[in-house]
$ cat data18.csv   # CSV, C-alpha atoms
chain,number,residue,atom,x,y,z
A,25,MET,CA,47.2,82.9,75.4
A,26,ALA,CA,46.4,79.6,77.2
A,27,PRO,CA,48.8,76.7,76.5
A,28,ARG,CA,47.4,74.0,74.1
A,29,MET,CA,46.3,70.9,76.0
A,30,SER,CA,47.8,67.6,75.1
A,31,GLU,CA,45.6,64.7,73.8
A,32,LYS,CA,45.9,63.0,77.2
A,33,GLN,CA,44.8,66.2,79.1
A,34,GLN,CA,41.9,66.6,76.7
A,35,ALA,CA,40.8,63.0,77.3
A,36,ILE,CA,40.9,63.4,81.1
A,37,LEU,CA,39.0,66.7,80.9
A,38,PHE,CA,36.4,65.2,78.6
A,39,ALA,CA,36.0,62.0,80.7
A,40,ALA,CA,35.6,64.2,83.9
A,41,VAL,CA,32.9,66.4,82.2
A,42,LEU,CA,31.1,63.3,80.8
A,43,ILE,CA,31.1,61.5,84.1
A,44,ALA,CA,29.7,64.6,85.9
A,45,ALA,CA,27.0,65.0,83.2
A,46,ILE,CA,26.0,61.3,83.4
A,47,ALA,CA,25.9,61.4,87.3
A,48,GLY,CA,23.9,64.6,87.3
A,49,LEU,CA,21.4,63.3,84.8
A,50,TYR,CA,21.0,60.0,86.6
A,51,ALA,CA,20.4,61.8,89.9
A,52,THR,CA,17.7,63.9,88.2
A,53,THR,CA,16.0,60.9,86.8
A,54,LEU,CA,16.0,59.3,90.3
A,55,LEU,CA,14.4,62.5,91.7
A,56,LEU,CA,11.7,62.3,89.1
A,57,GLN,CA,10.6,58.8,89.9
A,58,PRO,CA,7.2,58.6,91.5
A,59,VAL,CA,7.1,58.1,95.2
A,60,PRO,CA,6.0,54.6,96.2
A,61,VAL,CA,2.7,54.4,98.0
A,62,GLN,CA,3.0,53.2,101.6
A,63,ALA,CA,0.6,50.4,102.4
A,64,SER,CA,-2.1,51.4,104.9
A,65,ALA,CA,-5.7,50.4,105.6
A,66,VAL,CA,-8.5,52.1,103.7
A,67,HIS,CA,-12.2,51.6,104.2
A,68,PHE,CA,-15.2,51.3,102.0
A,69,VAL,CA,-13.4,51.6,98.7
A,70,ARG,CA,-15.2,50.3,95.6
A,71,LEU,CA,-13.9,48.8,92.3
A,72,ASP,CA,-16.0,48.7,89.1
A,73,VAL,CA,-14.5,46.9,86.1
A,74,GLU,CA,-16.4,47.4,82.8
A,75,GLY,CA,-15.5,45.3,79.9
A,76,MET,CA,-17.4,44.8,76.6
A,77,GLY,CA,-20.7,43.3,77.7
A,78,TRP,CA,-19.6,42.4,81.2
A,79,SER,CA,-18.8,44.1,84.5
A,80,ILE,CA,-17.3,43.2,87.8
A,81,GLN,CA,-17.9,44.9,91.2
A,82,TYR,CA,-15.8,44.5,94.2
A,83,ALA,CA,-16.2,46.4,97.5
A,84,PRO,CA,-14.1,45.3,100.5
A,85,VAL,CA,-14.9,46.8,103.9
A,86,THR,CA,-11.2,47.3,104.6
A,87,THR,CA,-8.1,46.6,102.5
A,88,ASN,CA,-4.4,47.2,102.8
A,89,ASN,CA,-4.1,47.3,99.0
A,90,ASN,CA,-4.5,51.0,98.9
A,91,THR,CA,-3.7,51.7,95.2
A,92,ALA,CA,-5.9,51.6,92.1
A,93,PHE,CA,-3.8,48.7,90.9
A,94,GLY,CA,-3.5,46.9,94.2
A,95,LEU,CA,-7.3,46.9,94.6
A,96,LEU,CA,-7.7,45.5,91.0
A,97,LEU,CA,-5.2,42.7,91.9
A,98,GLU,CA,-7.0,41.9,95.1
A,99,ALA,CA,-10.3,41.7,93.3
A,100,SER,CA,-8.6,39.5,90.6
A,101,ALA,CA,-7.4,37.1,93.3
A,102,LYS,CA,-10.7,37.1,95.3
A,103,LEU,CA,-13.1,36.8,92.3
A,104,ALA,CA,-10.8,34.7,90.1
A,105,PHE,CA,-10.4,36.8,87.0
A,106,PRO,CA,-7.1,37.2,85.2
A,107,VAL,CA,-5.2,40.5,85.0
A,108,ALA,CA,-2.2,41.0,82.7
A,109,TYR,CA,0.2,43.9,83.0
A,110,VAL,CA,3.7,45.1,82.1
A,111,TRP,CA,5.9,46.6,84.8
A,112,TYR,CA,8.1,49.5,83.6
A,113,GLN,CA,11.2,50.6,85.4
A,114,ILE,CA,11.4,54.0,83.7
A,115,PRO,CA,9.4,55.7,84.9
A,116,GLN,CA,8.3,53.1,87.5
A,117,GLY,CA,4.8,51.9,87.1
A,118,VAL,CA,2.5,49.3,85.7
A,119,PHE,CA,0.6,49.3,82.4
A,120,VAL,CA,-2.5,47.0,82.5
A,121,THR,CA,-2.7,45.2,79.2
A,122,ALA,CA,-5.7,42.8,79.8
A,123,ILE,CA,-8.5,42.2,82.3
A,124,ASN,CA,-10.7,39.1,82.3
A,125,GLY,CA,-9.5,38.2,78.8
A,126,SER,CA,-10.1,41.6,77.2
A,127,VAL,CA,-6.7,42.6,75.7
A,128,ASN,CA,-5.6,46.1,74.8
A,129,GLY,CA,-5.5,46.9,71.1
A,130,GLU,CA,-7.4,47.9,68.0
A,131,GLY,CA,-8.5,51.2,69.5
A,132,ARG,CA,-9.5,49.8,72.9
A,133,TYR,CA,-7.4,50.2,76.0
A,134,TRP,CA,-7.9,49.7,79.8
A,135,LEU,CA,-8.1,53.1,81.5
A,136,TYR,CA,-8.8,53.8,85.1
A,137,GLN,CA,-10.5,56.6,86.9
A,138,VAL,CA,-10.6,57.4,90.6
A,139,ASN,CA,-13.8,59.3,91.7
A,140,GLY,CA,-14.5,60.1,88.0
A,141,VAL,CA,-11.1,61.6,87.3
A,142,TYR,CA,-8.4,60.1,85.0
A,143,PRO,CA,-5.1,60.3,87.1
A,144,ASN,CA,-1.9,61.2,85.2
A,145,ILE,CA,0.1,58.5,87.1
A,146,ALA,CA,0.4,54.7,86.9
A,147,ALA,CA,-2.2,52.8,88.8
A,148,ASP,CA,0.2,51.3,91.3
A,149,HIS,CA,1.3,54.8,92.3
A,150,ARG,CA,-2.3,56.2,92.7
A,151,ALA,CA,-3.0,56.0,96.5
A,152,LEU,CA,-6.6,55.4,97.6
A,153,HIS,CA,-8.4,56.9,100.5
A,154,ASP,CA,-11.6,56.0,102.3
A,155,ASP,CA,-14.7,55.9,100.1
A,156,ASP,CA,-12.8,56.2,96.8
A,157,VAL,CA,-14.4,54.6,93.7
A,158,VAL,CA,-12.0,53.1,91.2
A,159,ARG,CA,-13.4,52.4,87.7
A,160,TRP,CA,-11.5,50.4,85.1
A,161,SER,CA,-13.1,50.6,81.7
A,162,PHE,CA,-12.2,49.1,78.4
A,163,SER,CA,-12.4,52.4,76.5
A,164,THR,CA,-12.3,53.4,72.9
A,165,ALA,CA,-10.7,56.6,71.8
A,166,GLN,CA,-14.1,58.3,71.7
A,167,GLU,CA,-15.0,57.2,75.2
A,168,GLY,CA,-11.7,57.9,76.8
A,169,MET,CA,-10.9,61.2,78.7
B,14,MET,CA,25.9,46.9,32.7
B,15,ARG,CA,27.0,44.5,35.5
B,16,ARG,CA,30.2,46.5,35.9
B,17,ARG,CA,28.2,49.7,36.2
B,18,TRP,CA,26.1,48.3,39.0
B,19,GLN,CA,29.2,47.0,40.7
B,20,ALA,CA,30.7,50.4,40.5
B,21,VAL,CA,27.5,52.0,41.9
B,22,LEU,CA,27.5,49.4,44.7
B,23,GLU,CA,31.2,50.0,45.5
B,24,ALA,CA,30.7,53.7,45.6
B,25,GLY,CA,27.7,53.4,47.8
B,26,LEU,CA,29.1,50.9,50.3
B,27,GLY,CA,32.7,52.0,50.3
B,28,ASP,CA,35.8,49.8,50.9
B,29,ALA,CA,36.0,46.6,52.8
B,30,ARG,CA,36.7,48.2,56.2
B,31,THR,CA,33.8,50.6,55.7
B,32,ARG,CA,31.5,47.7,54.9
B,33,ILE,CA,32.6,45.7,57.9
B,34,LEU,CA,32.1,48.7,60.2
B,35,GLY,CA,28.7,49.3,58.7
B,36,ILE,CA,27.6,45.8,59.5
B,37,PHE,CA,29.1,46.0,63.0
B,38,LEU,CA,27.1,49.2,63.6
B,39,ILE,CA,23.9,47.4,62.6
B,40,ILE,CA,24.8,44.6,65.0
B,41,VAL,CA,25.5,47.1,67.8
B,42,ALA,CA,22.2,48.9,67.1
B,43,VAL,CA,20.2,45.7,67.2
B,44,VAL,CA,21.9,43.7,70.0
B,45,GLY,CA,22.4,46.7,72.3
B,46,THR,CA,18.7,47.7,72.0
B,47,VAL,CA,17.5,44.2,72.6
B,48,LEU,CA,19.7,43.8,75.6
B,49,MET,CA,18.5,47.1,77.1
B,50,ARG,CA,14.8,46.5,76.2
B,51,SER,CA,13.6,46.6,79.8
B,52,TYR,CA,14.9,50.2,80.1
B,53,ALA,CA,12.8,52.6,78.1
B,54,ASN,CA,14.9,54.8,75.8
B,55,ILE,CA,18.2,53.2,76.7
B,56,GLU,CA,19.2,52.1,73.2
B,57,THR,CA,22.0,51.9,70.7
B,58,VAL,CA,20.2,52.7,67.5
B,59,PHE,CA,20.8,56.5,68.0
B,60,ALA,CA,24.5,56.1,68.5
B,61,ALA,CA,24.8,53.7,65.6
B,62,SER,CA,22.9,56.1,63.3
B,63,LEU,CA,24.9,59.1,64.3
B,64,LEU,CA,28.2,57.2,63.8
B,65,ALA,CA,27.0,55.7,60.5
B,66,GLY,CA,26.5,59.2,59.1
B,67,SER,CA,29.5,60.9,60.7
B,68,LEU,CA,32.1,58.1,60.1
B,69,LEU,CA,31.0,55.9,57.2
B,70,GLY,CA,28.7,58.2,55.2
B,71,ARG,CA,27.6,57.0,51.8
B,72,TRP,CA,24.6,54.5,51.8
B,73,TRP,CA,25.4,53.5,55.4
B,74,THR,CA,23.8,56.8,56.6
B,75,ILE,CA,20.5,55.3,55.7
B,76,LEU,CA,21.3,51.6,55.7
B,77,VAL,CA,22.3,51.4,59.4
B,78,PRO,CA,19.1,52.9,60.9
B,79,LEU,CA,16.9,51.2,58.3
B,80,THR,CA,18.3,47.7,58.7
B,81,ALA,CA,18.4,47.9,62.5
B,82,LEU,CA,14.8,49.2,62.6
B,83,ALA,CA,13.7,46.5,60.1
B,84,VAL,CA,14.6,44.0,62.8
B,85,LEU,CA,13.7,46.0,65.9
B,86,GLN,CA,10.3,47.5,65.0
B,87,PRO,CA,8.5,44.2,64.2
B,88,LEU,CA,10.1,42.7,67.3
B,89,GLU,CA,8.9,45.6,69.5
B,90,TRP,CA,5.4,45.8,68.1
B,91,SER,CA,4.9,42.0,68.5
B,92,THR,CA,6.3,41.8,72.1
B,93,THR,CA,6.6,45.0,74.2
B,94,TYR,CA,3.9,47.0,72.5
B,95,VAL,CA,1.6,44.2,71.5
B,96,GLY,CA,-2.0,45.1,70.9
B,97,TYR,CA,-1.8,48.4,69.1
B,98,GLY,CA,-3.8,49.0,66.0
B,99,LEU,CA,-2.3,49.1,62.5
B,100,ASN,CA,-2.9,52.8,62.2
B,101,ALA,CA,-0.9,53.6,65.4
B,102,ILE,CA,1.9,51.1,64.4
B,103,THR,CA,2.3,52.6,60.9
B,104,GLY,CA,2.2,56.2,62.2
B,105,ILE,CA,4.7,55.7,65.1
B,106,THR,CA,7.0,53.6,62.9
B,107,PHE,CA,7.1,56.4,60.4
B,108,PHE,CA,8.1,58.9,63.1
B,109,VAL,CA,10.7,56.5,64.6
B,110,ILE,CA,12.3,55.6,61.2
B,111,SER,CA,12.4,59.2,59.9
B,112,GLY,CA,13.8,60.4,63.2
B,113,TYR,CA,16.7,58.0,63.1
B,114,VAL,CA,17.4,58.6,59.4
B,115,PHE,CA,17.4,62.3,60.3
B,116,VAL,CA,20.0,61.5,63.0
B,117,GLY,CA,22.1,59.7,60.4
B,118,PHE,CA,21.9,62.6,57.9
B,119,LEU,CA,22.8,65.1,60.7
B,120,GLY,CA,25.8,62.9,61.6
B,121,ARG,CA,26.8,63.0,57.9
B,122,ARG,CA,26.6,66.8,57.9
B,123,ILE,CA,28.9,67.2,61.0
B,124,ARG,CA,31.4,64.6,60.0
B,125,PRO,CA,34.4,65.2,62.2
B,126,ARG,CA,37.4,66.2,60.1
B,127,VAL,CA,39.9,64.8,62.6
B,128,LEU,CA,39.9,61.1,63.0
B,129,PHE,CA,40.4,59.4,66.4
B,130,ARG,CA,40.9,62.5,68.4
B,131,VAL,CA,39.3,63.4,71.7
B,132,LYS,CA,37.9,66.5,70.0
B,133,SER,CA,36.0,64.3,67.5
B,134,VAL,CA,34.5,62.1,70.3
B,135,ALA,CA,33.7,65.3,72.3
B,136,LEU,CA,32.0,66.9,69.2
B,137,LEU,CA,29.9,63.8,68.5
B,138,THR,CA,28.9,63.6,72.2
B,139,THR,CA,28.0,67.3,72.5
B,140,ILE,CA,26.0,67.2,69.3
B,141,SER,CA,24.1,64.1,70.5
B,142,VAL,CA,22.4,66.1,73.2
B,143,PRO,CA,20.4,68.5,71.1
B,144,VAL,CA,19.8,65.8,68.5
B,145,THR,CA,18.4,63.4,71.1
B,146,ILE,CA,16.0,66.2,72.3
B,147,ALA,CA,15.0,66.9,68.7
B,148,TYR,CA,14.4,63.2,68.1
B,149,ASP,CA,12.3,62.8,71.2
B,150,LEU,CA,10.2,65.9,70.4
B,151,TRP,CA,9.6,64.5,66.9
B,152,THR,CA,8.5,61.0,68.1
B,153,ALA,CA,6.5,62.5,71.0
B,154,PHE,CA,4.6,64.5,68.4
B,155,GLY,CA,3.9,61.2,66.5
B,156,GLU,CA,2.9,59.4,69.7
B,157,TRP,CA,0.5,62.3,70.6
B,158,TYR,CA,-1.0,62.3,67.0
B,159,PHE,CA,-1.5,58.6,66.6
B,160,ILE,CA,-2.0,57.3,70.2
B,161,THR,CA,-3.1,59.8,72.8
B,162,ARG,CA,-4.8,62.5,70.7
B,163,PRO,CA,-7.8,60.3,69.9
B,164,PHE,CA,-8.2,60.0,73.7
B,165,GLY,CA,-8.4,63.8,74.1
B,166,VAL,CA,-4.9,64.1,75.6
B,167,GLY,CA,-3.2,67.4,74.7
B,168,ILE,CA,0.3,67.7,73.3
B,169,ARG,CA,1.4,69.5,76.4
B,170,THR,CA,0.5,66.6,78.6
B,171,VAL,CA,2.4,64.2,76.3
B,172,LEU,CA,5.5,66.5,76.4
B,173,GLU,CA,5.4,66.7,80.2
B,174,ALA,CA,5.1,62.9,80.4
B,175,GLN,CA,8.0,62.7,77.9
B,176,VAL,CA,10.5,64.5,80.2
B,177,PRO,CA,11.7,61.5,82.3
B,178,PHE,CA,12.0,59.4,79.0
B,179,THR,CA,14.0,62.1,77.4
B,180,LEU,CA,16.3,62.3,80.4
B,181,TYR,CA,17.0,58.6,80.1
B,182,HIS,CA,17.5,58.9,76.3
B,183,LEU,CA,20.1,61.7,77.0
B,184,LEU,CA,21.7,59.3,79.5
B,185,SER,CA,21.8,56.6,76.8
B,186,SER,CA,23.3,59.0,74.3
B,187,LEU,CA,25.9,60.3,76.7
B,188,ILE,CA,27.0,56.7,77.5
B,189,PHE,CA,26.8,55.0,74.1
B,190,VAL,CA,27.9,57.8,71.7
B,191,PRO,CA,31.4,58.4,73.3
B,192,LEU,CA,31.8,54.6,74.0
B,193,PHE,CA,31.0,53.4,70.5
B,194,GLY,CA,32.3,56.6,69.0
B,195,SER,CA,35.8,56.0,70.5
B,196,ILE,CA,35.8,52.3,69.4
B,197,PHE,CA,34.5,52.9,65.9
B,198,LEU,CA,36.7,56.0,65.4
B,199,PHE,CA,39.7,53.8,66.3
B,200,LEU,CA,38.6,51.0,64.0
B,201,HIS,CA,37.8,53.4,61.2
B,202,THR,CA,41.2,55.0,61.5
B,203,TYR,CA,43.4,52.0,62.2
B,204,GLY,CA,41.4,48.9,61.4
B,205,TRP,CA,41.4,45.8,63.6
B,206,PRO,CA,44.4,45.4,65.9
B,207,SER,CA,46.7,43.2,63.8
B,208,ARG,CA,50.0,41.5,64.2
B,209,THR,CA,51.0,42.5,60.7
B,210,PRO,CA,51.7,46.3,60.8
B,211,ALA,CA,51.1,46.8,57.1
B,212,ALA,CA,47.5,45.6,57.3
B,213,ALA,CA,46.7,48.0,60.1
B,214,THR,CA,48.1,51.2,58.7
B,215,LYS,CA,46.0,51.6,55.7
B,216,THR,CA,43.7,54.6,56.1
B,217,PRO,CA,40.2,54.1,54.7
B,218,ASP,CA,39.1,56.3,51.9
B,219,ARG,CA,36.8,59.1,53.0
B,220,GLU,CA,33.8,60.0,51.0

$ encode --input "data18.csv" --output "structure tokens"
Amino acid sequence: MAPRMSEKQQAILFAAVLIAAIAGLYATTLLLQPVPVQASAVHFVRLDVEGMGWSIQYAPVTTNNNTAFGLLLEASAKLAFPVAYVWYQIPQGVFVTAINGSVNGEGRYWLYQVNGVYPNIAADHRALHDDDVVRWSFSTAQEGM
Amino acid sequence: MRRRWQAVLEAGLGDARTRILGIFLIIVAVVGTVLMRSYANIETVFAASLLAGSLLGRWWTILVPLTALAVLQPLEWSTTYVGYGLNAITGITFFVISGYVFVGFLGRRIRPRVLFRVKSVALLTTISVPVTIAYDLWTAFGEWYFITRPFGVGIRTVLEAQVPFTLYHLLSSLIFVPLFGSIFLFLHTYGWPSRTPAAATKTPDRE
């Protein structure tokens, strides 16, 4: 029969197991973080932003802002319309809350598509390639997905 | 009549030490969650609810999560999650509150019999793992039903997206449950460190 551990030994064993579990879990969460997109030049990408009763088009010949979110911010700076967003650390990514004064809420949210497909990743982690079309739309539940 | 109410209140809230610890658990739940608000799912309401049920019992099982969420939910819906419709807010709030109350009741069911022992802290920490997963599954279902389902997103996609958040929630539980568990178990058993030994040796009455 194994000897009974003292309270101190139990505390040391518990602390060791706990620290190992926390370290392992933290390492796993780091591995699950989306890989940041490396900046590179893309050509002939197009941005369409569709609000309620208004739309914005932007089509640079070349840009280094090669993410769906980067292109939106570039258009926002060039064409002078405001974009509001929240940056999340876990998992890393942006959540666009308002474009050109149209704020998320009451069943309408800003969603984006790339070449007609809704990506399952935050817009700042969706890399763009030549000739990609990004569409941001102020969608209702019925319109979305 | 007044005496009867007083007796009911005293039975529900426990002795002075239990009341002080209950209020401290509410403060820990609110302040900890507010301080960690930029980290999704790193929060102290879970640990506080589990400890309220397992250490204090009585009305504190419900009072701690409900009071903490009465402060935190309006704060979150008006700042971090601003813009959601009333339907989504009501639905998600129901799932969050019922989830934490469930954690409190589960804590009450597994009340450690041994006070301020490593075994008690280990038991609470171990149990916090499946309970955290169950809580996340419950609230993910609520999120799917009230927020993403109307957009045609399936429950499977929501659960897949939930994985990193649940890992962080587990991390939160593994840090805060043993940390606050040790502190509150000590305070529950011995009271506040005091210079007068007599005041510190009284053991609180257990439900």

$ atom_distance --input "data18.csv" --atom1 "CA of Leu64 (chain B)" --atom2 "CA of Leu22 (chain B)"
20.6 Å

$ residues_around --input "data18.csv" --residues "region 43-51 of chain B" --least-positions-apart "5" --cutoff "7 Å" --atoms "only C-alpha atoms" --output "list in words"
Glu56, Thr57, Val58, Ala81 and Leu85 of chain B

$ residues_around --input "data18.csv" --residues "Thr106 (chain B)" --least-positions-apart "6" --cutoff "12 Å" --atoms "all atoms listed in the file" --output "list of chain:residue names"
B:Leu79, B:Leu82, B:Ala83, B:Leu85, B:Gln86, B:Pro87, B:Glu89, B:Trp90, B:Tyr97, B:Leu99, B:Asn100, B:Gly112, B:Tyr113, B:Trp151, B:Thr152, B:Gly155, B:Glu156, B:Phe159

$ closest_residue --input "data18.csv" --among "B:Gly194, B:Gly27, B:Gly98, B:Gly66" --to "chain A" --atoms "only C-alpha atoms"
B:Gly98

$ interface_residues --input "data18.csv" --of "chain B" --to "chain A" --cutoff "7 Å" --atoms "all atoms listed in the file" --output "ChimeraX atom specification"
/B:52-53,96-98,131,135,163-165,177,180,184,187

$ atom_distance --input "data18.csv" --atom1 "CA of Asp28 (chain B)" --atom2 "CA of Val109 (chain B)"
29.4 Å

$ residues_around --input "data18.csv" --residues "region 94-102 of chain A" --least-positions-apart "3" --cutoff "10 Å" --atoms "all atoms listed in the file" --output "JSON, numbers by chain"
{"A": [63, 69, 70, 71, 72, 73, 80, 81, 82, 83, 84, 87, 88, 89, 90, 91, 105, 106, 107, 108, 123, 124, 147, 148, 149, 150, 151, 152, 158, 159, 160]}

$ write_last_selection --input "data18.csv" --atoms "C-alpha atoms" --output "PDB file, keeping the file's coordinate frame"
ATOM      1  CA  ALA A  63       0.600  50.400 102.400  1.00  0.00           C
ATOM      2  CA  VAL A  69     -13.400  51.600  98.700  1.00  0.00           C
ATOM      3  CA  ARG A  70     -15.200  50.300  95.600  1.00  0.00           C
ATOM      4  CA  LEU A  71     -13.900  48.800  92.300  1.00  0.00           C
ATOM      5  CA  ASP A  72     -16.000  48.700  89.100  1.00  0.00           C
ATOM      6  CA  VAL A  73     -14.500  46.900  86.100  1.00  0.00           C
ATOM      7  CA  ILE A  80     -17.300  43.200  87.800  1.00  0.00           C
ATOM      8  CA  GLN A  81     -17.900  44.900  91.200  1.00  0.00           C
ATOM      9  CA  TYR A  82     -15.800  44.500  94.200  1.00  0.00           C
ATOM     10  CA  ALA A  83     -16.200  46.400  97.500  1.00  0.00           C
ATOM     11  CA  PRO A  84     -14.100  45.300 100.500  1.00  0.00           C
ATOM     12  CA  THR A  87      -8.100  46.600 102.500  1.00  0.00           C
ATOM     13  CA  ASN A  88      -4.400  47.200 102.800  1.00  0.00           C
ATOM     14  CA  ASN A  89      -4.100  47.300  99.000  1.00  0.00           C
ATOM     15  CA  ASN A  90      -4.500  51.000  98.900  1.00  0.00           C
ATOM     16  CA  THR A  91      -3.700  51.700  95.200  1.00  0.00           C
ATOM     17  CA  PHE A 105     -10.400  36.800  87.000  1.00  0.00           C
ATOM     18  CA  PRO A 106      -7.100  37.200  85.200  1.00  0.00           C
ATOM     19  CA  VAL A 107      -5.200  40.500  85.000  1.00  0.00           C
ATOM     20  CA  ALA A 108      -2.200  41.000  82.700  1.00  0.00           C
ATOM     21  CA  ILE A 123      -8.500  42.200  82.300  1.00  0.00           C
ATOM     22  CA  ASN A 124     -10.700  39.100  82.300  1.00  0.00           C
ATOM     23  CA  ALA A 147      -2.200  52.800  88.800  1.00  0.00           C
ATOM     24  CA  ASP A 148       0.200  51.300  91.300  1.00  0.00           C
ATOM     25  CA  HIS A 149       1.300  54.800  92.300  1.00  0.00           C
ATOM     26  CA  ARG A 150      -2.300  56.200  92.700  1.00  0.00           C
ATOM     27  CA  ALA A 151      -3.000  56.000  96.500  1.00  0.00           C
ATOM     28  CA  LEU A 152      -6.600  55.400  97.600  1.00  0.00           C
ATOM     29  CA  VAL A 158     -12.000  53.100  91.200  1.00  0.00           C
ATOM     30  CA  ARG A 159     -13.400  52.400  87.700  1.00  0.00           C
ATOM     31  CA  TRP A 160     -11.500  50.400  85.100  1.00  0.00           C
TER      32      TRP A 160
END
